[in-house]
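Next up, data.pdb (PDB, C-alpha atoms):
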```pdb
ATOM      1  CA  MET R   1      87.208 103.022 117.949  1.00  0.00           C
ATOM      2  CA  SER R   2      89.577 100.241 117.042  1.00  0.00           C
ATOM      3  CA  ASP R   3      91.147  99.513 113.679  1.00  0.00           C
ATOM      4  CA  PHE R   4      88.584  96.762 113.114  1.00  0.00           C
ATOM      5  CA  THR R   5      85.554  98.927 113.889  1.00  0.00           C
ATOM      6  CA  ASP R   6      87.019 101.707 111.721  1.00  0.00           C
ATOM      7  CA  TYR R   7      87.377  99.197 108.887  1.00  0.00           C
ATOM      8  CA  ILE R   8      83.753  98.065 109.296  1.00  0.00           C
ATOM      9  CA  GLN R   9      82.563 101.681 109.244  1.00  0.00           C
ATOM     10  CA  GLY R  10      84.557 102.309 106.074  1.00  0.00           C
ATOM     11  CA  TYR R  11      83.238  99.135 104.466  1.00  0.00           C
ATOM     12  CA  ILE R  12      79.573  99.900 105.087  1.00  0.00           C
ATOM     13  CA  GLY R  13      80.065 103.569 104.184  1.00  0.00           C
ATOM     14  CA  ASN R  14      76.821 105.468 103.779  1.00  0.00           C
ATOM     15  CA  MET R  15      74.816 102.460 104.998  1.00  0.00           C
ATOM     16  CA  SER R  16      75.960 103.329 108.507  1.00  0.00           C
ATOM     17  CA  GLY R  17      72.976 105.575 109.230  1.00  0.00           C
ATOM     18  CA  THR R  18      70.491 103.188 107.649  1.00  0.00           C
ATOM     19  CA  LEU R  19      71.722 100.246 109.688  1.00  0.00           C
ATOM     20  CA  GLY R  20      71.685 102.220 112.912  1.00  0.00           C
ATOM     21  CA  TRP R  21      74.586 100.208 114.278  1.00  0.00           C
ATOM     22  CA  GLY R  22      76.172 101.479 117.445  1.00  0.00           C
ATOM     23  CA  MET R  23      79.561 100.619 118.879  1.00  0.00           C
ATOM     24  CA  ASP R  24      78.140  97.492 120.511  1.00  0.00           C
ATOM     25  CA  THR R  25      77.238  96.034 117.112  1.00  0.00           C
ATOM     26  CA  LEU R  26      80.548  97.035 115.546  1.00  0.00           C
ATOM     27  CA  ASN R  27      82.460  95.498 118.457  1.00  0.00           C
ATOM     28  CA  PHE R  28      80.362  92.330 118.196  1.00  0.00           C
ATOM     29  CA  ILE R  29      81.190  91.968 114.491  1.00  0.00           C
ATOM     30  CA  ALA R  30      84.878  92.616 115.217  1.00  0.00           C
ATOM     31  CA  ASP R  31      84.847  90.002 117.997  1.00  0.00           C
ATOM     32  CA  GLU R  32      83.227  87.433 115.681  1.00  0.00           C
ATOM     33  CA  ALA R  33      85.897  88.103 113.045  1.00  0.00           C
ATOM     34  CA  LEU R  34      88.626  87.685 115.678  1.00  0.00           C
ATOM     35  CA  GLU R  35      87.090  84.370 116.705  1.00  0.00           C
ATOM     36  CA  LEU R  36      87.129  83.161 113.095  1.00  0.00           C
ATOM     37  CA  TYR R  37      90.687  84.412 112.778  1.00  0.00           C
ATOM     38  CA  GLY R  38      91.636  82.321 115.798  1.00  0.00           C
ATOM     39  CA  VAL R  39      93.014  85.047 118.044  1.00  0.00           C
ATOM     40  CA  ALA R  40      91.780  86.913 121.103  1.00  0.00           C
ATOM     41  CA  THR R  41      92.879  90.468 120.305  1.00  0.00           C
ATOM     42  CA  GLU R  42      93.352  92.695 117.273  1.00  0.00           C
ATOM     43  CA  ALA R  43      97.041  92.986 118.097  1.00  0.00           C
ATOM     44  CA  GLU R  44      97.424  89.238 117.512  1.00  0.00           C
ATOM     45  CA  ALA R  45      95.760  89.448 114.078  1.00  0.00           C
ATOM     46  CA  ASP R  46      98.948  90.145 112.156  1.00  0.00           C
ATOM     47  CA  ASP R  47      97.699  89.130 108.681  1.00  0.00           C
ATOM     48  CA  VAL R  48      95.841  92.273 107.578  1.00  0.00           C
ATOM     49  CA  LYS R  49      94.397  90.683 104.427  1.00  0.00           C
ATOM     50  CA  LYS R  50      92.934  87.775 106.394  1.00  0.00           C
ATOM     51  CA  ALA R  51      91.507  90.136 109.013  1.00  0.00           C
ATOM     52  CA  HIS R  52      89.863  92.368 106.417  1.00  0.00           C
ATOM     53  CA  VAL R  53      88.397  89.420 104.518  1.00  0.00           C
ATOM     54  CA  LEU R  54      86.877  88.025 107.717  1.00  0.00           C
ATOM     55  CA  LEU R  55      85.589  91.453 108.761  1.00  0.00           C
ATOM     56  CA  ARG R  56      83.825  91.877 105.402  1.00  0.00           C
ATOM     57  CA  TYR R  57      82.330  88.382 105.686  1.00  0.00           C
ATOM     58  CA  LYS R  58      80.998  88.911 109.218  1.00  0.00           C
ATOM     59  CA  THR R  59      79.757  92.419 108.327  1.00  0.00           C
ATOM     60  CA  MET R  60      77.784  91.148 105.331  1.00  0.00           C
ATOM     61  CA  GLU R  61      76.420  88.297 107.422  1.00  0.00           C
ATOM     62  CA  ARG R  62      75.152  90.817 109.977  1.00  0.00           C
ATOM     63  CA  ILE R  63      73.680  93.090 107.289  1.00  0.00           C
ATOM     64  CA  LEU R  64      71.704  90.211 105.835  1.00  0.00           C
ATOM     65  CA  ILE R  65      70.478  89.205 109.282  1.00  0.00           C
ATOM     66  CA  ASP R  66      69.364  92.775 109.986  1.00  0.00           C
ATOM     67  CA  PHE R  67      67.616  93.066 106.614  1.00  0.00           C
ATOM     68  CA  SER R  68      65.981  89.644 106.774  1.00  0.00           C
ATOM     69  CA  GLY R  69      62.759  91.045 108.181  1.00  0.00           C
ATOM     70  CA  ASP R  70      60.119  93.025 106.323  1.00  0.00           C
ATOM     71  CA  VAL R  71      60.881  96.523 107.590  1.00  0.00           C
ATOM     72  CA  ASN R  72      59.664  99.859 106.284  1.00  0.00           C
ATOM     73  CA  TYR R  73      61.621 102.941 107.313  1.00  0.00           C
ATOM     74  CA  ARG R  74      60.156 106.428 107.452  1.00  0.00           C
ATOM     75  CA  ALA R  75      61.728 109.379 109.246  1.00  0.00           C
ATOM     76  CA  ASP R  76      62.722 112.965 108.578  1.00  0.00           C
ATOM     77  CA  GLY R  77      61.018 113.044 105.179  1.00  0.00           C
ATOM     78  CA  GLU R  78      62.874 109.937 104.039  1.00  0.00           C
ATOM     79  CA  SER R  79      61.432 106.473 103.508  1.00  0.00           C
ATOM     80  CA  PHE R  80      62.352 103.127 101.992  1.00  0.00           C
ATOM     81  CA  ASN R  81      61.550  99.455 102.342  1.00  0.00           C
ATOM     82  CA  LEU R  82      64.446  97.431 103.780  1.00  0.00           C
ATOM     83  CA  SER R  83      63.008  94.174 102.484  1.00  0.00           C
ATOM     84  CA  ASP R  84      64.039  95.315  98.971  1.00  0.00           C
ATOM     85  CA  VAL R  85      67.701  95.718  99.918  1.00  0.00           C
ATOM     86  CA  PRO R  86      68.898  92.112 100.442  1.00  0.00           C
ATOM     87  CA  ASP R  87      68.992  91.172  96.735  1.00  0.00           C
ATOM     88  CA  ARG R  88      71.750  93.708  96.192  1.00  0.00           C
ATOM     89  CA  TYR R  89      73.593  92.596  99.305  1.00  0.00           C
ATOM     90  CA  MET R  90      73.290  88.886  98.515  1.00  0.00           C
ATOM     91  CA  LYS R  91      75.828  89.462  95.731  1.00  0.00           C
ATOM     92  CA  MET R  92      78.142  91.258  98.143  1.00  0.00           C
ATOM     93  CA  MET R  93      77.748  88.384 100.609  1.00  0.00           C
ATOM     94  CA  ALA R  94      78.591  85.857  97.899  1.00  0.00           C
ATOM     95  CA  ILE R  95      81.800  87.752  97.122  1.00  0.00           C
ATOM     96  CA  ALA R  96      82.697  88.118 100.812  1.00  0.00           C
ATOM     97  CA  LYS R  97      82.045  84.422 101.432  1.00  0.00           C
ATOM     98  CA  ALA R  98      84.108  83.341  98.427  1.00  0.00           C
ATOM     99  CA  GLN R  99      87.017  85.450  99.642  1.00  0.00           C
ATOM    100  CA  ALA R 100      86.645  84.138 103.202  1.00  0.00           C
ATOM    101  CA  LEU R 101      86.472  80.433 102.298  1.00  0.00           C
ATOM    102  CA  PRO R 102      90.218  79.796 102.704  1.00  0.00           C
ATOM    103  CA  TYR R 103      90.082  81.248 106.225  1.00  0.00           C
ATOM    104  CA  LEU R 104      86.898  79.634 107.501  1.00  0.00           C
ATOM    105  CA  PRO R 105      87.066  76.586 109.780  1.00  0.00           C
ATOM    106  CA  GLU R 106      86.448  73.255 108.116  1.00  0.00           C
ATOM    107  CA  GLY R 107      83.202  72.814 110.036  1.00  0.00           C
ATOM    108  CA  GLU R 108      81.878  76.103 108.674  1.00  0.00           C
ATOM    109  CA  ILE R 109      82.149  75.226 104.997  1.00  0.00           C
ATOM    110  CA  THR R 110      82.459  71.704 103.727  1.00  0.00           C
ATOM    111  CA  GLN R 111      82.753  70.385 100.245  1.00  0.00           C
ATOM    112  CA  GLY R 112      83.168  66.927  98.931  1.00  0.00           C
ATOM    113  CA  ARG R 113      81.779  64.291  96.667  1.00  0.00           C
ATOM    114  CA  VAL R 114      78.994  61.862  97.259  1.00  0.00           C
ATOM    115  CA  THR R 115      79.715  58.314  96.176  1.00  0.00           C
ATOM    116  CA  TYR R 116      77.350  55.410  96.042  1.00  0.00           C
ATOM    117  CA  PRO R 117      78.561  51.875  96.794  1.00  0.00           C
ATOM    118  CA  ASP R 118      76.997  50.373  93.675  1.00  0.00           C
ATOM    119  CA  ASP R 119      77.911  53.155  91.252  1.00  0.00           C
ATOM    120  CA  PRO R 120      79.320  51.605  88.056  1.00  0.00           C
ATOM    121  CA  TYR R 121      80.708  55.014  87.083  1.00  0.00           C
ATOM    122  CA  SER R 122      82.962  55.548  90.091  1.00  0.00           C
ATOM    123  CA  ILE R 123      86.482  56.811  89.438  1.00  0.00           C
ATOM    124  CA  ASP R 124      88.735  54.157  87.904  1.00  0.00           C
ATOM    125  CA  GLY R 125      86.011  51.587  88.489  1.00  0.00           C
ATOM    126  CA  GLN R 126      86.927  51.476  92.158  1.00  0.00           C
ATOM    127  CA  ILE R 127      84.117  51.272  94.643  1.00  0.00           C
ATOM    128  CA  GLU R 128      84.809  52.418  98.180  1.00  0.00           C
ATOM    129  CA  HIS R 129      82.757  50.848 100.938  1.00  0.00           C
ATOM    130  CA  ALA R 130      82.491  52.169 104.441  1.00  0.00           C
ATOM    131  CA  PRO R 131      84.073  49.861 107.045  1.00  0.00           C
TER     132      PRO R 131
END
```
Representation of the structure as structure tokens:
Amino acid sequence: MSDFTDYIQGYIGNMSGTLGWGMDTLNFIADEALELYGVATEAEADDVKKAHVLLRYKTMERILIDFSGDVNYRADGESFNLSDVPDRYMKMMAIAKAQALPYLPEGEITQGRVTYPDDPYSIDGQIEHAP
């Protein structure tokens, strides 16, 4: 296991068994976080805070993808409905995304203001027209 996959395992905690993620999934999440970070290897990811924020973001993204279907689990005398879980994790995803915003590429998250050419309430009465 790498430091990144160890961090993911620690982050998901007791959800590990429920998710059924193997090393392939953990490595995939770690690779996606490295890609967002902008480096090829964990050794190059020298900002630990940035790495952890991106790992949490990509982990929550994967959890929500895995839970997006209507799945009922029953085994070994245990059962639950996975389709009930995402509401709780949507809040965790919102937190992870808010923390990751400063590190995400501009194309990933965009924000701005819509202006209309004939808007009499534009800032300082100035109207900007596209060339």
I want to know what sits within 12 Å of stretch 45-49 of chain R, based on only C-alpha atoms, with residues of the same chain fewer than 4 positions away left out; could you give that as a VMD selection string?
chain R and resid 3 to 4 7 30 to 31 33 to 41 53 to 56 99 to 100 102 to 103
Using all atoms listed in the file, can you list as an MDAnalysis selection string the residues within 12 Å of (79.7, 95.8, 118.3)?
chainID R and resid 1:2 4:6 8:9 20:33 58:59 62
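Straight-line separation from atom CA of R:Leu101 to atom CA of R:Gly13: 24.1 Å.
Here atom CA of R:Met60 is placed at a distance of 11.2 Å from atom CA of R:Arg88.
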Neighbouring residues of R:Met92 were defined as those with any atom within 10 Å, considering all atoms listed in the file; residues of the same chain fewer than 4 positions away were excluded. Please report them as a ChimeraX atom specification.
/R:56-57,60-61,86-88,96-98
Quick one: of R:Glu44, R:His52, R:Thr18, R:Pro105, who's nearest to R:Arg74, counting all atoms listed in the file?
R:Thr18
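Reported to one decimal place, the separation of atom CA of R:Ile63 from atom CA of R:Met93 is 9.1 Å.
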Please reconstruct the missing atoms of stretch 35-66 of chain R (target: N, CA and C atoms) and return them as a tab-separated table (two decimals), in the frame of the given file.
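Final file, selection.tsv:
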```
chain	number	residue	atom	x	y	z
R	35	GLU	N	87.31	85.78	116.38
R	35	GLU	CA	87.09	84.37	116.70
R	35	GLU	C	87.36	83.49	115.48
R	36	LEU	N	86.85	83.92	114.31
R	36	LEU	CA	87.13	83.16	113.10
R	36	LEU	C	88.62	83.17	112.76
R	37	TYR	N	89.26	84.28	113.03
R	37	TYR	CA	90.69	84.41	112.78
R	37	TYR	C	91.47	83.45	113.66
R	38	GLY	N	90.97	83.23	114.87
R	38	GLY	CA	91.64	82.32	115.80
R	38	GLY	C	92.51	83.01	116.82
R	39	VAL	N	92.24	84.29	117.06
R	39	VAL	CA	93.01	85.05	118.04
R	39	VAL	C	92.06	85.76	119.00
R	40	ALA	N	92.61	86.26	120.09
R	40	ALA	CA	91.78	86.91	121.10
R	40	ALA	C	91.75	88.43	120.96
R	41	THR	N	92.81	89.01	120.40
R	41	THR	CA	92.88	90.47	120.30
R	41	THR	C	93.28	90.90	118.90
R	42	GLU	N	92.96	92.15	118.57
R	42	GLU	CA	93.35	92.70	117.27
R	42	GLU	C	94.87	92.71	117.10
R	43	ALA	N	95.58	92.93	118.17
R	43	ALA	CA	97.04	92.99	118.10
R	43	ALA	C	97.63	91.65	117.62
R	44	GLU	N	96.95	90.56	117.92
R	44	GLU	CA	97.42	89.24	117.51
R	44	GLU	C	97.10	88.93	116.05
R	45	ALA	N	96.17	89.67	115.47
R	45	ALA	CA	95.76	89.45	114.08
R	45	ALA	C	96.75	90.15	113.16
R	46	ASP	N	97.87	89.50	112.89
R	46	ASP	CA	98.95	90.14	112.16
R	46	ASP	C	98.83	90.05	110.63
R	47	ASP	N	97.93	89.23	110.13
R	47	ASP	CA	97.70	89.13	108.68
R	47	ASP	C	96.54	90.06	108.33
R	48	VAL	N	96.86	91.25	107.84
R	48	VAL	CA	95.84	92.27	107.58
R	48	VAL	C	94.83	91.81	106.53
R	49	LYS	N	95.30	91.15	105.48
R	49	LYS	CA	94.40	90.68	104.43
R	49	LYS	C	93.37	89.71	105.01
R	50	LYS	N	93.83	88.76	105.78
R	50	LYS	CA	92.93	87.78	106.39
R	50	LYS	C	91.93	88.47	107.31
R	51	ALA	N	92.39	89.41	108.10
R	51	ALA	CA	91.51	90.14	109.01
R	51	ALA	C	90.44	90.90	108.24
R	52	HIS	N	90.83	91.59	107.19
R	52	HIS	CA	89.86	92.37	106.42
R	52	HIS	C	88.85	91.48	105.71
R	53	VAL	N	89.30	90.36	105.18
R	53	VAL	CA	88.40	89.42	104.52
R	53	VAL	C	87.36	88.91	105.52
R	54	LEU	N	87.80	88.53	106.70
R	54	LEU	CA	86.88	88.02	107.72
R	54	LEU	C	85.95	89.12	108.24
R	55	LEU	N	86.44	90.34	108.35
R	55	LEU	CA	85.59	91.45	108.76
R	55	LEU	C	84.49	91.71	107.73
R	56	ARG	N	84.84	91.67	106.45
R	56	ARG	CA	83.82	91.88	105.40
R	56	ARG	C	82.78	90.76	105.45
R	57	TYR	N	83.24	89.53	105.62
R	57	TYR	CA	82.33	88.38	105.69
R	57	TYR	C	81.35	88.52	106.86
R	58	LYS	N	81.87	88.80	108.04
R	58	LYS	CA	81.00	88.91	109.22
R	58	LYS	C	80.10	90.15	109.12
R	59	THR	N	80.58	91.22	108.50
R	59	THR	CA	79.76	92.42	108.33
R	59	THR	C	78.59	92.12	107.39
R	60	MET	N	78.86	91.47	106.27
R	60	MET	CA	77.78	91.15	105.33
R	60	MET	C	76.80	90.17	105.96
R	61	GLU	N	77.30	89.24	106.73
R	61	GLU	CA	76.42	88.30	107.42
R	61	GLU	C	75.46	89.06	108.33
R	62	ARG	N	75.99	90.03	109.06
R	62	ARG	CA	75.15	90.82	109.98
R	62	ARG	C	74.16	91.69	109.21
R	63	ILE	N	74.59	92.28	108.10
R	63	ILE	CA	73.68	93.09	107.29
R	63	ILE	C	72.51	92.25	106.82
R	64	LEU	N	72.78	91.06	106.33
R	64	LEU	CA	71.70	90.21	105.84
R	64	LEU	C	70.78	89.77	106.96
R	65	ILE	N	71.32	89.54	108.13
R	65	ILE	CA	70.48	89.20	109.28
R	65	ILE	C	69.58	90.38	109.62
R	66	ASP	N	70.15	91.59	109.65
R	66	ASP	CA	69.36	92.78	109.99
R	66	ASP	C	68.29	93.07	108.95
```
